[in-house]
Structure formats: C-alpha cells, structure tokens
>>> print(open('input.cif').read())   # mmCIF, C-alpha atoms
data_data
loop_
_atom_site.label_atom_id
_atom_site.label_comp_id
_atom_site.auth_asym_id
_atom_site.auth_seq_id
_atom_site.Cartn_x
_atom_site.Cartn_y
_atom_site.Cartn_z
CA MET A 247 -6.85 13.86 15.99
CA MET A 248 -6.88 15.91 12.77
CA ARG A 249 -3.20 15.19 12.09
CA GLY A 250 -3.84 11.49 12.53
CA SER A 251 -6.84 11.68 10.19
CA ILE A 252 -4.82 13.42 7.51
CA LEU A 253 -2.07 10.80 7.79
CA LEU A 254 -4.62 8.00 7.46
CA LEU A 255 -6.06 9.64 4.35
CA VAL A 256 -2.61 9.88 2.81
CA LEU A 257 -1.91 6.22 3.51
CA CYS A 258 -5.27 5.09 2.22
CA ALA A 259 -4.88 7.10 -0.96
CA GLN A 260 -1.70 5.29 -1.96
CA PRO A 261 -3.25 2.71 -4.32
CA LEU A 262 -4.23 5.51 -6.71
CA HIS A 263 -0.64 5.98 -7.84
CA GLY A 264 1.43 3.70 -5.63
CA LEU A 265 1.76 2.20 -2.22
CA VAL A 266 4.82 3.83 -0.79
CA ALA A 267 3.93 5.99 2.20
CA THR A 268 7.08 8.08 2.19
CA VAL A 269 6.64 11.77 1.36
CA ARG A 270 9.39 12.95 -0.97
CA SER A 271 10.94 16.38 -1.22
CA PRO A 272 10.78 18.10 -4.65
CA GLN A 273 14.58 17.94 -4.89
CA LEU A 274 14.54 14.14 -4.65
CA ALA A 275 11.52 13.53 -6.83
CA GLY A 276 13.19 13.73 -10.25
CA ARG A 277 16.18 11.62 -9.18
CA ALA A 278 13.90 9.10 -7.47
CA VAL A 279 11.83 8.57 -10.61
CA ALA A 280 14.92 8.07 -12.75
CA ASN A 281 16.53 5.64 -10.31
CA GLN A 282 13.39 3.63 -9.70
CA LYS A 283 12.79 3.13 -13.42
CA LEU A 284 16.11 1.33 -13.59
CA HIS A 285 15.38 -0.92 -10.63
CA ASN A 286 11.63 -1.52 -10.86
CA VAL A 287 10.46 -2.49 -14.34
CA ALA A 288 6.92 -3.74 -14.89
CA ARG A 289 6.42 -7.15 -16.41
CA THR A 290 4.92 -7.00 -19.88
CA GLY A 291 2.00 -9.16 -20.95
CA VAL A 292 -1.33 -10.16 -19.48
CA ILE A 293 -2.37 -11.95 -16.31
CA THR A 294 -1.80 -15.68 -16.70
CA ALA A 295 -3.41 -18.71 -15.08
CA ALA A 296 -0.28 -19.11 -12.95
CA ASP A 297 -0.77 -15.68 -11.36
CA THR A 298 -2.70 -15.26 -8.11
CA VAL A 299 -5.08 -12.29 -8.06
CA LEU A 300 -6.37 -11.62 -4.54
CA GLU A 301 -10.06 -10.93 -4.10
CA PRO A 302 -11.12 -7.54 -2.69
CA ASP A 303 -12.20 -7.18 0.92
CA PHE A 304 -14.74 -4.42 1.61
CA ARG A 305 -14.82 -4.72 5.40
CA LEU A 306 -12.45 -1.82 6.13
CA ALA A 307 -14.17 0.50 3.66
CA ALA A 308 -17.65 -0.46 4.88
CA ALA A 309 -16.66 -0.01 8.52
CA LEU A 310 -15.42 3.52 7.86
CA ALA A 311 -18.47 4.36 5.73
CA VAL A 312 -20.75 3.30 8.62
CA LEU A 313 -18.59 4.85 11.35
CA GLY A 314 -18.56 8.26 9.68
CA PRO A 315 -22.33 9.00 9.77
CA THR A 316 -22.48 7.53 13.28
CA LEU A 317 -19.89 10.02 14.51
CA VAL A 318 -21.68 12.88 12.74
CA LEU A 319 -24.62 12.23 15.04
CA ALA A 320 -22.36 12.30 18.10
CA PRO A 321 -21.49 15.44 20.14
CA TRP A 322 -20.34 18.36 17.99
CA ILE A 323 -16.68 18.07 19.06
CA ILE A 324 -16.18 14.97 16.88
CA GLN A 325 -18.70 15.63 14.10
CA GLY A 326 -15.96 16.87 11.77
CA VAL A 327 -14.06 13.64 12.29
CA GLY A 328 -17.24 11.73 11.41
CA GLY A 329 -17.49 13.52 8.08
CA PHE A 330 -13.87 12.71 7.34
CA PHE A 331 -14.33 9.00 8.04
CA ALA A 332 -17.49 8.89 5.93
CA LEU A 333 -15.66 10.37 2.94
CA LEU A 334 -12.70 8.08 3.54
CA GLY A 335 -14.98 5.05 3.70
CA PHE A 336 -16.64 5.81 0.37
CA PHE A 337 -13.26 6.56 -1.18
CA LEU A 338 -11.95 3.19 -0.01
CA ILE A 339 -15.01 1.44 -1.43
CA PHE A 340 -14.06 2.84 -4.82
CA GLN A 341 -10.43 1.81 -4.32
CA THR A 342 -11.44 -1.69 -3.23
CA LEU A 343 -13.48 -2.06 -6.40
CA ARG A 344 -10.60 -1.14 -8.68
CA ILE A 345 -7.29 -2.18 -7.04
CA ARG A 346 -6.01 -5.76 -7.29
CA PHE A 347 -2.88 -7.34 -5.81
CA VAL A 348 -1.30 -9.84 -8.18
CA PHE A 349 1.32 -12.42 -7.22
CA ASP A 350 3.15 -13.88 -10.22
CA ASP A 351 6.22 -16.12 -10.34
CA GLU A 352 8.60 -13.26 -9.56
CA ALA A 353 6.93 -10.35 -7.83
CA LEU A 354 3.97 -8.69 -6.18
CA GLU A 355 2.38 -6.17 -8.50
CA VAL A 356 -0.48 -3.70 -7.98
CA LYS A 357 -2.97 -3.64 -10.86
CA THR A 358 -6.19 -1.79 -11.61
CA LYS A 359 -9.53 -3.10 -12.82
CA ASP A 360 -11.34 -1.05 -15.46
CA LEU A 361 -14.68 -0.29 -13.82
CA PHE A 362 -16.20 1.58 -16.75
CA GLY A 363 -14.63 0.12 -19.89
CA GLY A 364 -16.29 -3.27 -19.66
CA GLY A 365 -13.05 -5.24 -19.93
CA ASP A 366 -12.17 -8.19 -17.73
CA GLY A 367 -8.42 -7.61 -17.74
CA LEU A 368 -6.22 -5.73 -15.30
CA GLY A 369 -4.20 -2.68 -16.22
CA ASP A 370 -1.07 -0.88 -15.09
CA THR A 371 -1.39 1.51 -12.13
CA GLY A 372 1.16 3.90 -13.65
CA GLU A 373 4.28 5.17 -11.95
CA ASN A 374 4.61 5.05 -8.20
CA PHE A 375 3.87 8.61 -7.09
CA ALA A 376 6.72 8.78 -4.56
CA VAL A 377 9.65 6.93 -6.10
CA GLY A 378 8.62 6.43 -9.73
CA GLY A 379 8.74 3.16 -11.61
CA ALA A 380 6.21 0.35 -11.56
CA ASN A 381 4.23 -0.69 -8.50
CA ARG A 382 5.96 -4.04 -8.59
CA TRP A 383 8.36 -5.57 -6.07
CA ASN A 384 10.38 -8.77 -6.43
CA TYR A 385 9.90 -11.29 -3.63
CA ASP A 386 13.61 -11.57 -2.94
CA SER A 387 13.75 -7.84 -2.16
CA PHE A 388 11.37 -8.14 0.82
CA VAL A 389 12.99 -7.84 4.25
CA ASN A 390 9.83 -7.58 6.39
CA TRP A 391 6.03 -7.40 6.28
CA GLU A 392 3.27 -7.06 8.87
CA PHE A 393 -0.42 -6.28 9.44
CA PHE A 394 -1.57 -3.52 11.80
CA PRO A 395 -3.00 -3.87 14.34
CA SER A 396 -3.10 -7.60 13.45
CA VAL A 397 -3.88 -9.99 10.59
CA ASP A 398 -7.20 -10.78 12.31
CA LEU A 399 -8.12 -7.10 12.48
CA PRO A 400 -6.22 -5.64 9.51
CA VAL A 401 -6.33 -1.90 8.87
CA LEU A 402 -2.91 -1.28 7.35
CA VAL A 403 -0.47 -3.59 5.60
CA TYR A 404 3.24 -2.83 5.89
CA PHE A 405 6.22 -4.14 4.00
CA LYS A 406 9.83 -3.13 3.55
CA GLU A 407 11.96 -3.90 0.50
CA THR A 408 15.46 -3.23 -0.84
CA GLN A 409 14.57 -2.88 -4.53
CA THR A 410 14.19 0.88 -4.23
CA PRO A 411 17.59 2.63 -4.55
CA GLN A 412 19.30 2.81 -1.16
CA ASP A 413 19.80 6.58 -1.16
CA GLN A 414 16.01 6.98 -0.77
CA TRP A 415 15.39 4.62 2.15
CA ASP A 416 15.82 7.17 4.95
CA VAL A 417 13.41 9.80 3.62
CA GLY A 418 10.15 10.27 5.52
CA PRO A 419 9.17 7.30 7.77
CA GLY A 420 12.38 5.56 6.73
CA GLN A 421 14.39 7.77 9.08
CA TRP A 422 12.72 5.93 11.98
CA ALA A 423 12.30 2.51 10.36
CA ASN A 424 15.99 2.51 9.43
CA GLY A 425 17.21 4.47 12.45
CA ALA A 426 19.70 3.32 15.03
CA ASP A 427 17.02 2.40 17.57
CA ALA A 428 15.11 0.27 15.04
CA LEU A 429 18.28 -1.45 13.84
CA ALA A 430 19.27 -2.19 17.45
CA LYS A 431 15.95 -3.99 17.86
CA GLY A 432 16.63 -6.17 14.81
CA ALA A 433 15.22 -4.12 11.94
CA VAL A 434 16.69 -4.49 8.45
CA LYS A 435 17.19 -1.42 6.29
CA GLY A 436 14.95 -0.88 3.27
CA GLN A 437 12.17 1.18 1.69
CA VAL A 438 9.00 1.37 3.83
CA HIS A 439 5.53 0.89 2.31
CA PHE A 440 2.05 1.13 3.85
CA PHE A 441 -1.36 0.56 2.28
CA PRO A 442 -4.91 0.08 3.59
CA CYS A 443 -5.96 -3.57 3.80
CA ILE A 444 -8.53 -3.63 0.99
CA THR A 445 -7.88 -7.28 0.14
CA ASP A 446 -8.20 -10.57 2.03
CA ALA A 447 -5.56 -10.33 4.78
CA GLN A 448 -5.32 -14.07 5.39
CA LYS A 449 -4.79 -14.78 1.69
CA LEU A 450 -2.31 -11.93 1.45
CA LYS A 451 -0.38 -13.39 4.38
CA ALA A 452 -0.49 -16.83 2.77
CA GLN A 453 0.98 -15.43 -0.45
CA PHE A 454 3.75 -13.59 1.40
CA GLN A 455 4.67 -16.87 3.05
CA ALA A 456 4.29 -19.04 -0.06
CA LYS A 457 6.47 -16.71 -2.13
CA GLY A 458 9.22 -16.66 0.51
CA CYS A 459 8.92 -12.96 1.37
CA ALA A 460 11.29 -12.42 4.31
CA LYS A 461 9.78 -11.50 7.67
CA LEU A 462 11.48 -10.55 10.92
#
>>> encode(input="input.cif", output="structure tokens")
Amino acid sequence: MMRGSILLLVLCAQPLHGLVATVRSPQLAGRAVANQKLHNVARTGVITAADTVLEPDFRLAAALAVLGPTLVLAPWIIQGVGGFFALLGFFLIFQTLRIRFVFDDEALEVKTKDLFGGGDGLGDTGENFAVGGANRWNYDSFVNWEFFPSVDLPVLVYFKETQTPQDQWDVGPGQWANGADALAKGAVKGQVHFFPCITDAQKLKAQFQAKGCAKL
C-alpha cells in the first residue's frame, strides 16, 4: 500500500515541473536535457484566441481531500494512508488552481497560472524535470493516449509520444510500455507520460480527437 501511495504522489506531482512519469538515472539526466532542448522547443508569444485552454476540474483533488480525513478516523492500520491522501488532496487542489492545458494549432502545452501576481496570463512551466525541454508536445508525435480507469472516472491521464529522443524511451516505465510483450499486443514505441486528471476529461478527450492525436 505504501509503495503504491508513493508512486501516486510522484505521478500527481508531475505538473510542478513536467508530466513525464519516467524516473531518470543521474547519468542520463544531463544528456536527456540537452537532447530534449533540441527536439522540444516552447512556442514564444502569448495565448491567442485560437488556442483552447481547458478549464480545471477539482473533483479528483476534492475526493482525495475528503477521503483522507475519513480514513484517519478508520481503524489504526490505515490511518497513515488517510493522512497521505489528505495531504495529496490539498496538494492537488493547489495544482488544479495553477496548471492549465493549452491546445494551440501545433501542440499540447502545459502552462501555469500566476495565483499571486494578479496577472491574467499563463506562464511557462519551466523545463521538464525528467527529460528537459519545454512541456510541449506536437500532435503528430502522439502514438497513444488513454484515461485510467476510464474517461468517465478519470484519475490518471496517459499519453505516449515520439518527440522525446528515442534513446530515452525505454527508461523507467518505458521498459514495459515498449517491451516485447506490449509490442506483441499492438503497442507503438514512444516516451510514456502520466499526469493526474485535474482538468475536464471529456474536453481533454475531445481535444485529443479534434487535433488528430493518434490512439491505438
């Protein structure tokens, strides 16, 4: 249970510095940043009327924030898990307030809203913590996307893309997502990404489809 909780925290923390859920080794980190900068350049300029900015969805964060205190009141064996979920819920509320998913004419980009500066614009999220470069992925690089456990009950959003340099695809979860068994079942190789569903899942799905993001 604790290992699963830690993994969920790692996945849900991704929007702070990036969405990729792969854990990199120190030896690959420097090379990954350099390579990704060449292949993943952020678009300059401001959000335009043609861009689609998805509205936040607080249901996942609120559910965890309510579940946590409820579990704390349960038998002692799961009280620690309750505290974890409570903290995670409040953390996701903060993330839901500040993270925005923007679909422009070329790519999906993760932006941040300034909660304390008073501005109405959206800013850069900085470099992706795992592979470097901008948190921006061209639509034609998508090879798959999905909602877990489903789009009607979304907890995690998954997508796989080929924009990240190929020598990094098999690190971390990629060794299974790009493994022989997965490929035999029809998977397509690429870089794996996970993030908590803190935006409207139905609208996110509609944008994936409207922008022609490939799906198996």
>>> residues_around(input="input.cif", residues="range 424-440 of chain A", least_positions_apart="3", cutoff="6 Å", atoms="all atoms listed in the file", output="VMD selection string")
chain A and resid 266 to 267 403 to 408 415 420 to 421
>>> residues_around(input="input.cif", residues="Leu368 in chain A", least_positions_apart="4", cutoff="7 Å", atoms="only C-alpha atoms", output="JSON, numbers by chain")
{"A": [357, 358, 359, 360]}
>>> atom_distance(input="input.cif", atom1="CA of Val389 in chain A", atom2="CA of Thr294 in chain A")
26.8 Å
>>> closest_residue(input="input.cif", among="A:Ala460, A:Ala308, A:Leu361, A:Val356", to="Glu373 in chain A", atoms="only C-alpha atoms")
A:Val356
>>> resolve_selection(input="input.cif", expression="the PyMOL selection byres ((chain A and resi 346-350) around 9)", output="ChimeraX atom specification")
/A:293-294,296-302,342-345,351-359,368,444-445,450,453,457
>>> atom_distance(input="input.cif", atom1="CA of Gln341 in chain A", atom2="CA of Pro400 in chain A")
16.3 Å
>>> closest_residue(input="input.cif", among="A:Val312, A:Leu462, A:Val397, A:Leu306", to="Lys449 in chain A", atoms="only C-alpha atoms")
A:Val397
>>> closest_residue(input="input.cif", among="A:Phe393, A:Pro419, A:Gly372, A:Asp413", to="Ala447 in chain A", atoms="only C-alpha atoms")
A:Phe393
>>> atom_distance(input="input.cif", atom1="CA of Trp422 in chain A", atom2="CA of Gln409 in chain A")
18.8 Å
>>> resolve_selection(input="input.cif", expression="the PyMOL selection byres ((chain A and resi 386) around 8)", output="ChimeraX atom specification")
/A:384-385,387-388,458-460
>>> resolve_selection(input="input.cif", expression="the PyMOL selection byres ((chain A and resi 334) around 8)", output="PyMOL selection string")
chain A and resi 255+307+310-311+330-333+335-338
